[in-house]
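A.B. asks: Before we start, here is the structure in question, set down as structure tokens.
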Amino acid sequence: MTTAYDPLLLRLNPQSLDDVALGLVRISLEGHITYLNKAARDIAGPGINVGASLSDLHLTSEAAANLHARLEDRRHQSTAGMTYPLKIDRQDLGTTIFVDVVAIPEYGGDGKITGSVGIVTDKSMQRANVSLHHAITGKDRWQDLLTAFDSKLRRVVRFDSIIISLLSADQTAVRIFYQRPEWRPADQPSWRWWPMPAFVKADLNGIGRTRTDDVKAMFANEPYRTMALEDPPTRDWLKVGYRHMLRRTVLRQKHVLALVTLLRLDDQAFTDADVQRIEQLPVGEAVLMALALDRQKELEWGLELIGRLGLMAGDLSKVAQVLVEELRTNFAWKHVSLFRVDNDSKTLTLVHQSAVPGARLSDHHTQSIDFGLLGYVARSGQPVRIADVRQSATYRIGITNTLSEMCLPVPGDPVRWILNVESSDASAFAPDEEATVSRLLKVAGLILDRTLAIQFNATVRDSVADAIIQTSAMGVIRNVNPACVRLLDRPLETLVGTHLSGLISAPGDHVDPPGFAAELVAQDLVTSLEVELRPREGLPIKVLLSGRALPPQIGGKVYVASDLRPAIAIQRMETFQQAFQQIASESRLPLALVAAHLDELRNVLTGNGMGTGPVEILDKARRQLRRVDLPLERVVRMAATNE
């Protein structure tokens with residue numbers, strides 16, 4: 001037989017509960033803590049020990065009210081366990097601890113409630129992980145993602161500043177991907193990548209996954225002590241006054257891709273608990289997702305740039321201007337220029353440049369292909385990135401204050417274009433920038449070559465003497481060249497939009513066959529057909545017309561009309577010349593006989609002792625006959641003289 005109340009008696013060694021991961025706390029009816037295990041002490045924070053009151057806990061106002069209501073309810077009414085959340089304001093950590101409490105009433109031997117036992121579970125990391133994953137998957141811009149990541153990270157780890165740095169593939173350059181609050185030394189370059197600070201590079205391989213450092217103690221030893229004295233970027237960073245830092249690496253295929261650095265200004269070191277929290281959070285996932293969004297943004301910018309270049313295709317100067325200006329704006333470079341390689345004259349000619357004041361070449365700058373970094377790239381087709389041009393035997397002085405230079409060939413064989421970037425800072429260009437720009441140049445090079453071809457074709461079209469007419473597939477005129485405008489004496493705007501058949505007629509004075517012009521325009525191939533074109537005024541013009549349909553990808557047709565009037569005039573002149581030559585040949589023989597008879601008569605008269613009068617008359621007649629007997633060409637030449 002059992003009594004109505006059968007208490008469960010537990011006999012526990014309190015020290016054995018310190019190894020339990022859950023927090024265990026015992027509270028009296030008066031609200032005083034009578035027991036805490038180690039996990040509960042870690043959650044409650046320093047200063048909360050046996051004998052402390054619940055009011056000593058740094059609860060938020062909402063959590064304090066909730067706890068008071070729960071205790072009152074259990075003390076006077078409830079006999080069952082309850083679960084409720086609490087938020088503890090850990091002022092020593094500068095963070096808020098989120099916990100779930102399972103409260104179980106505790107009874108004495110008489111069956112009355114003597115207090116309660118609480119099982120405390122720290123949900124802070126679980127909540128942080130959930131919120132961070134939500135931030136990672138719920139943002140479309142990498143800036144928004146990292147801002148949300150930063151805000152949520154501050155709830156579980158206290159720090160004054162955060163810097164997320166990207167490391168170049170060769171670990172010689174660094175890019176500040178995100179920082180809060182904003183910080184940049186006065187003399188630090190403002191573009192994306194700059195030389196990696198010496199103190200970062202010195203221990204990069206020794207950081208491991210997560211590492212904490214006392215900045216003061218760190219720079220009291222070598223090699224950091226020398227860096228603090230001799231390295232300007234290190235001195236500038238130390239001036240900010242950071243006291244402690246925690247660094248966490250982000251890896252991709254065992255390669256350090258980024259470095260997340262948390263910094264504190266006060267002398268409160270990061271603890272092992274901070275390290276554990278950072279290790280448990282999806283820090284790497286957040287940075288990698290932000291990088292993916294940044295990569296997407298970079299691709300979108302590249303596509304927009306290619307689109308703008310495509311709109312300018314047809315004008316080489318505008319294509320070069322857009323390419324150079326956009327690259328300098330996006331990367332914040334100090335000098336960007338595009339050179340054309342002339343393999344015939346073995347020279348490099350500046351097409352366009354964009355630069356800060358004092359870093360410009362002359363607008364008509366040219367140089368030999370046989371010298372300098374540009375010449376090497378033109379000859380070899382290989383890109384060049386020089387950290388310090390003073391150490392390069394190939395470099396030739398162009399801009400006087402240049403320290404580093406990057407020359408990238410636009411893909412082509414042979415090299416026809418070179419993009420040149422210069423800076424007054426050493427090691428200013430990272431391999432990541434080179435890779436990004438090289439990808440863009442693959443497409444930009446096609447547009448440059450296409451633009452060059454378009455301009456060449458346009459020059460040929462505008463300079464050719466024959467009329468060129470481009471129509472739609474149905475024969476409506478789309479464009480004509482200047483020779484066609486001159487031939488027909490019609491303004492361009494009056495030709496575009498009209499039907500070609502309205503300008504064509506059959507040759508000769510007879511009436512055109514029915515539908516002659518329409519049938520001609522409907523054909524896909526017209527080969528050297530003589531027709532007449534109607535000018536604005538005057539008689540029809542005889543032309544030799546050829547035409548054919550353009551490829552389906554282009555559409556429409558193109559015609560070439562050669563003016564036959566000069567050929568007809570030349571043909572007429574040749575006919576006249578032949579006629580005159582025939583007349584001259586037929587008349588020269590009788591005249592020669594007359595001249596011979598006159599010679600005989602002169603000899604007779606001279607032999608018979610006649611006077612000089614008849615002889616002189618005969619000589620004049622002979623001279624006139626010789627003049628008449630001259631060829632037609634000589635007669636024309638003599639008529640132009642004073643003889």
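Following the order of the structure tokens, first chain is A, next is B, and so on, with residues numbered from 1 inside each chain and ligands from 1 in the order they appear.
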Could you go through region 187-396 of chain A and tell me which residues DSSP, when run on the backbone, assigns to strand (DSSP E), listing them as a PyMOL selection string?
C.D. replies: chain A and resi 193-195+210-214+244-252+255-264+335-342+347-355+366-368+384-386
A.B. asks: Report as a ChimeraX atom specification all protein, DNA and RNA residues lying within 12 Å of Leu373 (chain A), evaluated on only C-alpha atoms, omitting residues in the same chain fewer than 6 positions from it.
C.D. replies: /A:348,367,379-386,389,392-398,404-409,418-422
A.B. asks: I'd like to know which of A:Val20, A:Ala220, A:Val117, A:Val99 is closest to Asn37 (chain A), using only C-alpha atoms.
C.D. replies: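 Nearest to Asn37 (chain A): A:Val20.
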A.B. asks: Which residues, written as a PDB file with C-alpha atoms, in the first residue's frame, have at least one atom at most 9 Å from Asn129 (chain A), with only C-alpha atoms counted and residues fewer than 5 positions away on the same chain left out?
C.D. replies:
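Below you can see out.pdb, which holds the result:
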```
ATOM      1  CA  SER A 124      22.116  31.780 -28.890  1.00  0.00           C
ATOM      2  CA  HIS A 134      18.515  33.453 -43.461  1.00  0.00           C
ATOM      3  CA  GLN A 280      30.316  27.298 -35.066  1.00  0.00           C
ATOM      4  CA  LEU A 281      28.909  30.139 -37.183  1.00  0.00           C
ATOM      5  CA  PRO A 282      28.646  30.000 -41.011  1.00  0.00           C
TER       6      PRO A 282
END
```
A.B. asks: So that I can check the surroundings of Pro540 (chain A), please list as a list in words every protein, DNA and RNA residue that reaches within 12 Å of it, counting only C-alpha atoms and ignoring chain neighbours fewer than 6 positions away.
C.D. replies: Leu487, Leu488, Asp489, Leu503, Ile504, Ser505, Ala506, Pro507, Gly508, Asp509, Val531, Glu532, Leu533, Arg534, Asp563, Leu564 and Arg565 of chain A
A.B. asks: Rank nothing, just name the residue among A:Lys123, A:Gln276, A:Asp236, A:Ala286 nearest to Val250 (chain A), using only C-alpha atoms.
C.D. replies: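 The answer is A:Ala286, which sits nearest to Val250 (chain A).
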A.B. asks: What does the structure give for the distance between CA of Ala444 (chain A) and CA of Leu309 (chain A), in Å to one decimal?
C.D. replies: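 Result for CA of Ala444 (chain A) versus CA of Leu309 (chain A): 7.4 Å, one decimal.
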A.B. asks: Excluding Ala355 (chain A) and its own-chain neighbours fewer than 6 positions away, which residues fall within 9 Å of it when counting only C-alpha atoms? Please give them as a PDB file with N, CA and C atoms, in the first residue's frame.
C.D. replies:
```pdb
ATOM      1  N   GLU A 325      37.355  54.533 -70.382  1.00  0.00           N
ATOM      2  CA  GLU A 325      36.744  55.295 -69.298  1.00  0.00           C
ATOM      3  C   GLU A 325      36.023  54.380 -68.311  1.00  0.00           C
ATOM      4  N   ARG A 328      38.575  52.439 -66.071  1.00  0.00           N
ATOM      5  CA  ARG A 328      39.205  53.271 -65.041  1.00  0.00           C
ATOM      6  C   ARG A 328      38.222  53.618 -63.930  1.00  0.00           C
ATOM      7  N   TRP A 333      41.488  53.058 -61.281  1.00  0.00           N
ATOM      8  CA  TRP A 333      42.890  53.121 -61.651  1.00  0.00           C
ATOM      9  C   TRP A 333      43.288  54.562 -61.963  1.00  0.00           C
ATOM     10  N   LYS A 334      44.595  54.823 -61.922  1.00  0.00           N
ATOM     11  CA  LYS A 334      45.071  56.187 -62.147  1.00  0.00           C
ATOM     12  C   LYS A 334      45.310  56.501 -63.620  1.00  0.00           C
ATOM     13  N   HIS A 335      45.662  55.497 -64.396  1.00  0.00           N
ATOM     14  CA  HIS A 335      45.905  55.733 -65.822  1.00  0.00           C
ATOM     15  C   HIS A 335      45.528  54.478 -66.597  1.00  0.00           C
ATOM     16  N   VAL A 336      44.679  54.652 -67.627  1.00  0.00           N
ATOM     17  CA  VAL A 336      44.301  53.563 -68.521  1.00  0.00           C
ATOM     18  C   VAL A 336      44.396  54.093 -69.946  1.00  0.00           C
ATOM     19  N   SER A 337      44.995  53.311 -70.822  1.00  0.00           N
ATOM     20  CA  SER A 337      45.114  53.741 -72.218  1.00  0.00           C
ATOM     21  C   SER A 337      44.990  52.532 -73.138  1.00  0.00           C
ATOM     22  N   LEU A 361      49.846  60.746 -70.986  1.00  0.00           N
ATOM     23  CA  LEU A 361      50.763  60.779 -72.106  1.00  0.00           C
ATOM     24  C   LEU A 361      50.329  61.877 -73.064  1.00  0.00           C
TER      25      LEU A 361
END
```
